[in-house]
$ cat start_24.pdb   # PDB, C-alpha atoms, pLDDT in the B column
MODEL        1
ATOM      1  CA  MET A   1     -10.124  28.771 -20.104  1.00 40.00           C
ATOM      2  CA  VAL A   2      -9.773  29.926 -16.494  1.00 41.00           C
ATOM      3  CA  THR A   3     -12.208  32.771 -17.219  1.00 40.00           C
ATOM      4  CA  PHE A   4     -14.667  30.222 -18.601  1.00 45.00           C
ATOM      5  CA  VAL A   5     -14.473  28.164 -15.415  1.00 51.00           C
ATOM      6  CA  SER A   6     -15.065  31.216 -13.227  1.00 45.00           C
ATOM      7  CA  LYS A   7     -18.088  32.328 -15.237  1.00 52.00           C
ATOM      8  CA  MET A   8     -19.588  28.858 -15.119  1.00 54.00           C
ATOM      9  CA  ARG A   9     -19.264  28.620 -11.308  1.00 81.00           C
ATOM     10  CA  ILE A  10     -19.110  24.861 -11.636  1.00 92.00           C
ATOM     11  CA  PRO A  11     -20.581  23.080  -8.596  1.00 95.00           C
ATOM     12  CA  VAL A  12     -17.934  21.045  -6.771  1.00 97.00           C
ATOM     13  CA  VAL A  13     -19.327  18.346  -4.488  1.00 97.00           C
ATOM     14  CA  ILE A  14     -17.111  17.536  -1.488  1.00 98.00           C
ATOM     15  CA  PRO A  15     -18.053  14.267   0.285  1.00 97.00           C
ATOM     16  CA  TYR A  16     -17.255  14.544   3.985  1.00 98.00           C
ATOM     17  CA  LYS A  17     -17.524  12.282   7.024  1.00 96.00           C
ATOM     18  CA  PRO A  18     -17.458  14.306  10.271  1.00 96.00           C
ATOM     19  CA  THR A  19     -18.156  11.367  12.602  1.00 95.00           C
ATOM     20  CA  ASP A  20     -15.213   9.101  13.494  1.00 96.00           C
ATOM     21  CA  PRO A  21     -13.080  10.157  10.496  1.00 97.00           C
ATOM     22  CA  LYS A  22      -9.511   9.183   9.666  1.00 97.00           C
ATOM     23  CA  THR A  23      -9.343   6.092  11.872  1.00 96.00           C
ATOM     24  CA  ARG A  24      -5.833   5.255  10.660  1.00 95.00           C
ATOM     25  CA  LEU A  25      -4.613   8.377  12.466  1.00 96.00           C
ATOM     26  CA  SER A  26      -5.797   6.957  15.805  1.00 95.00           C
ATOM     27  CA  CYS A  27      -2.209   6.013  16.586  1.00 93.00           C
ATOM     28  CA  ILE A  28      -1.332   9.676  17.045  1.00 94.00           C
ATOM     29  CA  LEU A  29      -4.615  11.619  17.350  1.00 96.00           C
ATOM     30  CA  THR A  30      -7.487  11.335  19.805  1.00 96.00           C
ATOM     31  CA  ASP A  31     -11.032  10.878  18.522  1.00 97.00           C
ATOM     32  CA  GLU A  32     -11.738  14.586  19.001  1.00 97.00           C
ATOM     33  CA  GLU A  33      -8.489  15.553  17.266  1.00 98.00           C
ATOM     34  CA  ARG A  34      -9.253  13.342  14.286  1.00 98.00           C
ATOM     35  CA  GLN A  35     -12.601  15.055  13.897  1.00 98.00           C
ATOM     36  CA  SER A  36     -10.984  18.488  14.209  1.00 98.00           C
ATOM     37  CA  PHE A  37      -8.195  17.688  11.751  1.00 98.00           C
ATOM     38  CA  ALA A  38     -10.628  16.256   9.193  1.00 98.00           C
ATOM     39  CA  TYR A  39     -12.659  19.464   9.433  1.00 98.00           C
ATOM     40  CA  THR A  40      -9.493  21.518   8.991  1.00 98.00           C
ATOM     41  CA  MET A  41      -8.590  19.627   5.808  1.00 98.00           C
ATOM     42  CA  LEU A  42     -12.136  20.215   4.571  1.00 98.00           C
ATOM     43  CA  ARG A  43     -11.566  23.953   5.086  1.00 98.00           C
ATOM     44  CA  ASP A  44      -8.467  23.802   2.894  1.00 98.00           C
ATOM     45  CA  VAL A  45     -10.325  21.947   0.133  1.00 98.00           C
ATOM     46  CA  VAL A  46     -13.195  24.459   0.282  1.00 98.00           C
ATOM     47  CA  ASP A  47     -10.713  27.350   0.075  1.00 98.00           C
ATOM     48  CA  ALA A  48      -9.047  25.786  -2.973  1.00 97.00           C
ATOM     49  CA  VAL A  49     -12.408  25.320  -4.697  1.00 97.00           C
ATOM     50  CA  LYS A  50     -13.477  28.883  -3.940  1.00 96.00           C
ATOM     51  CA  ALA A  51     -10.169  30.173  -5.320  1.00 96.00           C
ATOM     52  CA  THR A  52     -11.101  28.754  -8.738  1.00 95.00           C
ATOM     53  CA  GLY A  53     -14.378  30.691  -8.772  1.00 94.00           C
ATOM     54  CA  CYS A  54     -16.399  27.494  -8.428  1.00 96.00           C
ATOM     55  CA  SER A  55     -19.159  26.714  -5.930  1.00 95.00           C
ATOM     56  CA  PRO A  56     -18.435  24.146  -3.196  1.00 97.00           C
ATOM     57  CA  LEU A  57     -21.219  21.937  -1.865  1.00 97.00           C
ATOM     58  CA  ILE A  58     -20.437  19.782   1.169  1.00 98.00           C
ATOM     59  CA  LEU A  59     -22.082  16.364   1.036  1.00 97.00           C
ATOM     60  CA  SER A  60     -21.884  15.261   4.661  1.00 97.00           C
ATOM     61  CA  THR A  61     -22.906  12.176   6.606  1.00 96.00           C
ATOM     62  CA  ALA A  62     -23.880  14.413   9.557  1.00 96.00           C
ATOM     63  CA  PRO A  63     -24.663  18.109  10.114  1.00 96.00           C
ATOM     64  CA  VAL A  64     -21.695  20.438   9.723  1.00 97.00           C
ATOM     65  CA  GLN A  65     -21.263  24.157   9.232  1.00 96.00           C
ATOM     66  CA  LEU A  66     -18.475  25.924   7.362  1.00 97.00           C
ATOM     67  CA  ASP A  67     -18.994  29.625   6.686  1.00 92.00           C
ATOM     68  CA  ASP A  68     -21.548  30.130   3.922  1.00 93.00           C
ATOM     69  CA  VAL A  69     -20.937  26.818   2.143  1.00 97.00           C
ATOM     70  CA  PRO A  70     -24.168  24.877   1.524  1.00 97.00           C
ATOM     71  CA  VAL A  71     -24.362  21.433   3.122  1.00 97.00           C
ATOM     72  CA  ARG A  72     -26.498  18.510   2.039  1.00 96.00           C
ATOM     73  CA  ILE A  73     -26.880  15.541   4.378  1.00 95.00           C
ATOM     74  CA  LEU A  74     -26.075  12.199   2.795  1.00 91.00           C
ATOM     75  CA  LYS A  75     -29.219  10.090   3.197  1.00 89.00           C
ATOM     76  CA  GLU A  76     -28.318   7.394   0.666  1.00 90.00           C
ATOM     77  CA  GLU A  77     -25.067   5.746  -0.338  1.00 93.00           C
ATOM     78  CA  LEU A  78     -22.534   8.054  -1.974  1.00 95.00           C
ATOM     79  CA  ASN A  79     -22.947   6.563  -5.458  1.00 96.00           C
ATOM     80  CA  GLU A  80     -26.730   6.865  -5.376  1.00 96.00           C
ATOM     81  CA  THR A  81     -26.555  10.453  -4.161  1.00 95.00           C
ATOM     82  CA  ILE A  82     -24.002  11.519  -6.782  1.00 96.00           C
ATOM     83  CA  ASN A  83     -26.035   9.813  -9.491  1.00 96.00           C
ATOM     84  CA  GLY A  84     -29.060  11.759  -8.294  1.00 94.00           C
ATOM     85  CA  PHE A  85     -27.138  14.975  -8.949  1.00 92.00           C
ATOM     86  CA  CYS A  86     -26.297  13.713 -12.421  1.00 95.00           C
ATOM     87  CA  ASP A  87     -29.718  12.507 -13.610  1.00 95.00           C
ATOM     88  CA  GLY A  88     -31.008  14.867 -16.279  1.00 94.00           C
ATOM     89  CA  ASN A  89     -28.279  17.416 -15.492  1.00 94.00           C
ATOM     90  CA  GLU A  90     -26.544  18.701 -18.622  1.00 95.00           C
ATOM     91  CA  GLU A  91     -24.296  21.095 -16.674  1.00 95.00           C
ATOM     92  CA  PRO A  92     -20.701  20.391 -15.574  1.00 96.00           C
ATOM     93  CA  LEU A  93     -20.057  18.825 -12.181  1.00 97.00           C
ATOM     94  CA  ALA A  94     -16.937  18.073 -10.150  1.00 98.00           C
ATOM     95  CA  ILE A  95     -16.389  15.841  -7.121  1.00 98.00           C
ATOM     96  CA  VAL A  96     -13.357  16.414  -4.883  1.00 98.00           C
ATOM     97  CA  MET A  97     -12.606  14.443  -1.708  1.00 98.00           C
ATOM     98  CA  ALA A  98     -12.412  16.297   1.615  1.00 98.00           C
ATOM     99  CA  ASP A  99      -9.026  14.941   2.719  1.00 98.00           C
ATOM    100  CA  LEU A 100      -6.972  16.443  -0.113  1.00 98.00           C
ATOM    101  CA  ALA A 101      -5.155  18.894   2.143  1.00 98.00           C
ATOM    102  CA  LEU A 102      -2.600  19.648  -0.579  1.00 98.00           C
ATOM    103  CA  ALA A 103      -5.194  20.667  -3.172  1.00 98.00           C
ATOM    104  CA  ASP A 104      -4.840  24.227  -4.396  1.00 97.00           C
ATOM    105  CA  ARG A 105      -6.294  26.496  -7.059  1.00 96.00           C
ATOM    106  CA  SER A 106      -3.895  25.310  -9.779  1.00 97.00           C
ATOM    107  CA  SER A 107      -4.474  21.596  -9.228  1.00 97.00           C
ATOM    108  CA  ILE A 108      -8.254  21.938  -9.242  1.00 97.00           C
ATOM    109  CA  LEU A 109      -8.119  24.145 -12.345  1.00 96.00           C
ATOM    110  CA  ALA A 110      -6.052  21.431 -14.039  1.00 96.00           C
ATOM    111  CA  LEU A 111      -8.908  19.022 -13.329  1.00 97.00           C
ATOM    112  CA  LEU A 112     -11.564  21.419 -14.619  1.00 96.00           C
ATOM    113  CA  THR A 113      -9.766  22.506 -17.793  1.00 95.00           C
ATOM    114  CA  SER A 114      -8.399  19.208 -19.140  1.00 94.00           C
ATOM    115  CA  GLY A 115     -10.608  19.365 -22.221  1.00 94.00           C
ATOM    116  CA  GLY A 116     -12.028  15.885 -21.664  1.00 94.00           C
ATOM    117  CA  ASP A 117     -15.611  14.761 -21.190  1.00 97.00           C
ATOM    118  CA  LEU A 118     -14.473  13.022 -18.030  1.00 98.00           C
ATOM    119  CA  ALA A 119     -11.337  13.994 -16.085  1.00 98.00           C
ATOM    120  CA  ILE A 120     -10.149  11.715 -13.292  1.00 98.00           C
ATOM    121  CA  ALA A 121      -7.490  12.316 -10.643  1.00 98.00           C
ATOM    122  CA  PRO A 122      -6.511   8.930  -9.191  1.00 97.00           C
ATOM    123  CA  GLY A 123      -5.693   8.377  -5.547  1.00 95.00           C
ATOM    124  CA  ARG A 124      -3.398   5.904  -3.894  1.00 89.00           C
ATOM    125  CA  GLY A 125      -4.550   2.307  -3.691  1.00 90.00           C
ATOM    126  CA  GLY A 126      -6.834   2.519  -6.705  1.00 94.00           C
ATOM    127  CA  GLY A 127      -9.214   5.146  -5.401  1.00 95.00           C
ATOM    128  CA  THR A 128     -10.627   8.216  -7.133  1.00 98.00           C
ATOM    129  CA  ASN A 129      -9.738  11.520  -5.472  1.00 98.00           C
ATOM    130  CA  ALA A 130     -11.308  13.995  -7.889  1.00 98.00           C
ATOM    131  CA  ILE A 131     -13.526  13.898 -10.961  1.00 98.00           C
ATOM    132  CA  TYR A 132     -14.826  16.462 -13.439  1.00 98.00           C
ATOM    133  CA  ILE A 133     -17.690  15.684 -15.828  1.00 97.00           C
ATOM    134  CA  ARG A 134     -18.389  18.069 -18.716  1.00 96.00           C
ATOM    135  CA  SER A 135     -22.072  17.093 -18.694  1.00 96.00           C
ATOM    136  CA  ALA A 136     -23.162  15.432 -15.449  1.00 96.00           C
ATOM    137  CA  GLN A 137     -25.833  13.277 -17.070  1.00 96.00           C
ATOM    138  CA  MET A 138     -23.084  11.338 -18.874  1.00 95.00           C
ATOM    139  CA  PHE A 139     -21.698  10.023 -15.570  1.00 96.00           C
ATOM    140  CA  ARG A 140     -22.438   7.218 -13.149  1.00 96.00           C
ATOM    141  CA  ALA A 141     -20.471   7.115  -9.893  1.00 97.00           C
ATOM    142  CA  GLN A 142     -18.445   3.979  -9.220  1.00 95.00           C
ATOM    143  CA  TYR A 143     -16.930   4.753  -5.804  1.00 96.00           C
ATOM    144  CA  TYR A 144     -15.546   2.193  -3.340  1.00 92.00           C
ATOM    145  CA  GLY A 145     -13.007  -0.524  -4.065  1.00 90.00           C
ATOM    146  CA  MET A 146     -10.919   0.004  -7.209  1.00 94.00           C
ATOM    147  CA  SER A 147     -12.976   3.036  -8.152  1.00 97.00           C
ATOM    148  CA  TYR A 148     -10.331   4.605 -10.383  1.00 97.00           C
ATOM    149  CA  GLU A 149     -10.299   1.603 -12.706  1.00 97.00           C
ATOM    150  CA  LYS A 150     -14.105   1.406 -12.645  1.00 97.00           C
ATOM    151  CA  HIS A 151     -14.481   5.087 -13.511  1.00 98.00           C
ATOM    152  CA  VAL A 152     -12.013   4.838 -16.390  1.00 97.00           C
ATOM    153  CA  ARG A 153     -13.745   1.741 -17.727  1.00 97.00           C
ATOM    154  CA  TYR A 154     -17.164   3.374 -17.431  1.00 97.00           C
ATOM    155  CA  GLY A 155     -16.010   6.469 -19.315  1.00 97.00           C
ATOM    156  CA  THR A 156     -14.338   4.431 -22.036  1.00 97.00           C
ATOM    157  CA  ASP A 157     -17.335   2.135 -22.483  1.00 97.00           C
ATOM    158  CA  ALA A 158     -19.624   5.184 -22.670  1.00 96.00           C
ATOM    159  CA  GLY A 159     -17.529   6.644 -25.489  1.00 97.00           C
ATOM    160  CA  LEU A 160     -16.347   9.612 -23.433  1.00 97.00           C
ATOM    161  CA  MET A 161     -13.023  11.363 -23.881  1.00 97.00           C
ATOM    162  CA  VAL A 162     -11.325  10.384 -20.632  1.00 98.00           C
ATOM    163  CA  LYS A 163      -8.445  12.465 -19.317  1.00 98.00           C
ATOM    164  CA  ILE A 164      -6.240  11.264 -16.471  1.00 98.00           C
ATOM    165  CA  ILE A 165      -5.015  14.116 -14.269  1.00 97.00           C
ATOM    166  CA  ASP A 166      -1.433  13.494 -13.159  1.00 96.00           C
ATOM    167  CA  SER A 167      -1.371  15.725 -10.078  1.00 97.00           C
ATOM    168  CA  PHE A 168       0.583  15.046  -6.903  1.00 97.00           C
ATOM    169  CA  ARG A 169      -1.609  17.481  -4.980  1.00 98.00           C
ATOM    170  CA  LEU A 170      -4.789  15.633  -5.962  1.00 98.00           C
ATOM    171  CA  TYR A 171      -3.189  12.198  -5.647  1.00 97.00           C
ATOM    172  CA  CYS A 172      -2.032  12.623  -2.053  1.00 96.00           C
ATOM    173  CA  ASP A 173      -4.932  12.038   0.307  1.00 95.00           C
ATOM    174  CA  ILE A 174      -4.069  12.252   4.007  1.00 97.00           C
ATOM    175  CA  ASP A 175      -4.865   8.975   5.751  1.00 95.00           C
ATOM    176  CA  GLU A 176      -1.901   7.863   7.858  1.00 94.00           C
ATOM    177  CA  GLN A 177       0.787   9.324  10.097  1.00 93.00           C
ATOM    178  CA  ASP A 178       3.449   9.167   7.388  1.00 92.00           C
ATOM    179  CA  ASP A 179       1.209  11.305   5.141  1.00 95.00           C
ATOM    180  CA  LEU A 180       1.431  14.213   7.568  1.00 96.00           C
ATOM    181  CA  ILE A 181       4.909  15.146   6.390  1.00 96.00           C
ATOM    182  CA  GLU A 182       3.379  16.069   3.032  1.00 97.00           C
ATOM    183  CA  VAL A 183       1.115  18.532   4.829  1.00 97.00           C
ATOM    184  CA  PHE A 184       4.149  20.131   6.480  1.00 96.00           C
ATOM    185  CA  ILE A 185       5.973  20.444   3.172  1.00 95.00           C
ATOM    186  CA  HIS A 186       3.222  21.293   0.700  1.00 97.00           C
ATOM    187  CA  ASN A 187       0.246  22.768   2.587  1.00 97.00           C
ATOM    188  CA  HIS A 188       0.177  26.517   3.134  1.00 93.00           C
ATOM    189  CA  GLY A 189      -3.245  26.762   4.710  1.00 95.00           C
ATOM    190  CA  HIS A 190      -5.134  25.623   7.766  1.00 98.00           C
ATOM    191  CA  SER A 191      -3.931  22.001   7.993  1.00 98.00           C
ATOM    192  CA  ARG A 192      -0.238  22.739   8.468  1.00 97.00           C
ATOM    193  CA  LYS A 193      -1.037  25.323  11.125  1.00 97.00           C
ATOM    194  CA  TRP A 194      -3.299  22.811  12.869  1.00 98.00           C
ATOM    195  CA  LEU A 195      -0.472  20.298  13.102  1.00 97.00           C
ATOM    196  CA  ILE A 196       1.964  22.881  14.447  1.00 96.00           C
ATOM    197  CA  ASP A 197      -0.578  24.146  16.985  1.00 97.00           C
ATOM    198  CA  HIS A 198      -1.059  20.567  18.190  1.00 96.00           C
ATOM    199  CA  GLY A 199       2.618  19.925  18.808  1.00 95.00           C
ATOM    200  CA  PHE A 200       3.709  18.242  15.581  1.00 95.00           C
ATOM    201  CA  GLU A 201       7.093  18.864  14.026  1.00 93.00           C
ATOM    202  CA  ILE A 202       9.320  17.476  11.294  1.00 92.00           C
ATOM    203  CA  ALA A 203      11.623  14.654  12.427  1.00 89.00           C
ATOM    204  CA  MET A 204      14.207  12.354  10.892  1.00 84.00           C
ATOM    205  CA  LYS A 205      13.033   8.756  10.632  1.00 74.00           C
ATOM    206  CA  LYS A 206      15.899   6.494   9.627  1.00 75.00           C
ATOM    207  CA  SER A 207      16.707   7.480   6.040  1.00 78.00           C
ATOM    208  CA  ARG A 208      13.706   9.760   5.451  1.00 85.00           C
ATOM    209  CA  ILE A 209      11.865  12.570   7.150  1.00 90.00           C
ATOM    210  CA  GLY A 210       8.549  12.240   8.907  1.00 88.00           C
ATOM    211  CA  VAL A 211       6.689  13.907  11.735  1.00 91.00           C
ATOM    212  CA  LYS A 212       6.675  13.493  15.474  1.00 89.00           C
ATOM    213  CA  ARG A 213       4.591  14.951  18.242  1.00 89.00           C
ATOM    214  CA  GLN A 214       6.053  16.656  21.247  1.00 80.00           C
ATOM    215  CA  GLY A 215       6.124  14.256  24.148  1.00 67.00           C
ATOM    216  CA  ILE A 216       5.496  11.220  21.927  1.00 63.00           C
ATOM    217  CA  GLN A 217       8.365   9.182  20.473  1.00 54.00           C
TER     218      GLN A 217
ENDMDL
END

$ encode --input "start_24.pdb" --output "structure tokens"
Amino acid sequence: MVTFVSKMRIPVVIPYKPTDPKTRLSCILTDEERQSFAYTMLRDVVDAVKATGCSPLILSTAPVQLDDVPVRILKEELNETINGFCDGNEEPLAIVMADLALADRSSILALLTSGGDLAIAPGRGGGTNAIYIRSAQMFRAQYYGMSYEKHVRYGTDAGLMVKIIDSFRLYCDIDEQDDLIEVFIHNHGHSRKWLIDHGFEIAMKKSRIGVKRQGIQ
């Protein structure tokens, strides 16, 4: 099955917001640092996608450059743009969010090889962190709000075989300061190094571990 995925070179769309990203990290990062860290997480997601043999496509709200990865500027809402990719497209398609700093080759392969018509990796708070569609024309994007529930309902109503991907690495999007400890523990790429280079370290916080920044309590 892995060989099949590599031969197919499935396109993986990565929605990305380079301008004023990750506002909930404002408590510990400057505006420029938030932009830099978001870009660093994007690099990790792109690396994970490339490791599967698939083809990343960055869908960005503003111009961005990352090696040889193609970039398409988002000129409509995300749902409308994704649906435009799907219209009349019988080929497979995947959508993976840009802040999944823990994503790796194995977790993305699990999404791509579930055997379902529609595979969904839920995120915290009812979101949808990653999706694979066996034939893109069967899909209609339902992002924003309780998108996970909406995507499952859509797939079920459309008679698709829906598979739920139980993956910690795809579940854990990085939004808040407490999420950064997961990057320290589970990321082995650019994002962990970025945190270390910017003065972050593991710290005890009452009964659990977290992160702190040098010079900031």

$ atom_distance --input "start_24.pdb" --atom1 "CA of Asp157 in chain A" --atom2 "CA of Ala141 in chain A"
13.9 Å

$ residues_around --input "start_24.pdb" --residues "Ile202 in chain A" --least-positions-apart "5" --cutoff "12 Å" --atoms "all atoms listed in the file" --output "list of chain:residue names"
A:Gln177, A:Asp178, A:Asp179, A:Leu180, A:Ile181, A:Glu182, A:Val183, A:Phe184, A:Ile185, A:Arg192, A:Leu195, A:Ile196, A:Arg208, A:Ile209, A:Gly210, A:Val211, A:Lys212, A:Arg213, A:Gln214

$ residues_around --input "start_24.pdb" --residues "Ala98 in chain A" --least-positions-apart "3" --cutoff "6 Å" --atoms "all atoms listed in the file" --output "list in words"
Ile14, Tyr16 and Leu42 of chain A

$ atom_distance --input "start_24.pdb" --atom1 "CA of Gly123 in chain A" --atom2 "CA of Val13 in chain A"
16.9 Å

$ atom_distance --input "start_24.pdb" --atom1 "CA of Asn129 in chain A" --atom2 "CA of Tyr171 in chain A"
6.6 Å

$ residues_around --input "start_24.pdb" --residues "Ala51 in chain A" --least-positions-apart "3" --cutoff "12 Å" --atoms "all atoms listed in the file" --output "JSON, numbers by chain"
{"A": [2, 5, 6, 9, 44, 45, 46, 47, 48, 54, 55, 56, 103, 104, 105, 106, 107, 108, 109]}

$ resolve_selection --input "start_24.pdb" --expression "the PyMOL selection byres ((chain A and resi 60) around 9)" --output "ChimeraX atom specification"
/A:14-18,58-59,61-64,71-74

$ closest_residue --input "start_24.pdb" --among "A:Asp99, A:Thr52, A:His151, A:Pro70" --to "Gln35 in chain A" --atoms "all atoms listed in the file"
A:Asp99

$ residues_around --input "start_24.pdb" --residues "Lys22 in chain A" --least-positions-apart "5" --cutoff "12 Å" --atoms "only C-alpha atoms" --output "list in words"
Tyr16, Lys17, Cys27, Ile28, Leu29, Thr30, Asp31, Glu32, Glu33, Arg34, Gln35, Ser36, Phe37, Ala38, Tyr39, Met41, Ala98, Asp99, Asp173, Ile174, Asp175, Glu176, Gln177 and Asp179 of chain A

$ axis_aligned_box --input "start_24.pdb" --around "range 9-16 of chain A" --padding-each-side "4 Å" --output "lines of an AutoDock Vina configuration file"
center_x = -18.8
center_y = 21.4
center_z = -3.8
size_x = 11.5
size_y = 22.4
size_z = 23.6

$ closest_residue --input "start_24.pdb" --among "A:Leu102, A:Ile10, A:Met138, A:Ala158" --to "Asn83 in chain A" --atoms "only C-alpha atoms"
A:Met138

$ closest_residue --input "start_24.pdb" --among "A:Ala101, A:Glu76, A:Ile133, A:Ala94" --to "Ser191 in chain A" --atoms "only C-alpha atoms"
A:Ala101

$ closest_residue --input "start_24.pdb" --among "A:Arg169, A:Tyr144, A:Val152, A:Lys75" --to "Leu111 in chain A" --atoms "all atoms listed in the file"
A:Arg169

$ resolve_selection --input "start_24.pdb" --expression "the PyMOL selection byres ((chain A and resi 86) around 8)" --output "list of chain:residue names"
A:Ile82, A:Asn83, A:Gly84, A:Phe85, A:Asp87, A:Gly88, A:Asn89, A:Glu90, A:Ala136, A:Gln137, A:Met138, A:Phe139, A:Arg140

$ residues_around --input "start_24.pdb" --residues "Ala119 in chain A" --least-positions-apart "3" --cutoff "10 Å" --atoms "all atoms listed in the file" --output "MDAnalysis selection string"
chainID A and resid 94 110:116 122 130:134 151:152 155 160:165

$ closest_residue --input "start_24.pdb" --among "A:Leu100, A:Asp68, A:Glu80, A:Arg153" --to "Gly189 in chain A" --atoms "all atoms listed in the file"
A:Leu100

$ closest_residue --input "start_24.pdb" --among "A:Val69, A:Cys172, A:Met97, A:Leu25" --to "Gly125 in chain A" --atoms "only C-alpha atoms"
A:Cys172

$ resolve_selection --input "start_24.pdb" --expression "the PyMOL selection byres ((chain A and resi 146) around 6)" --output "ChimeraX atom specification"
/A:126-127,145,147-149
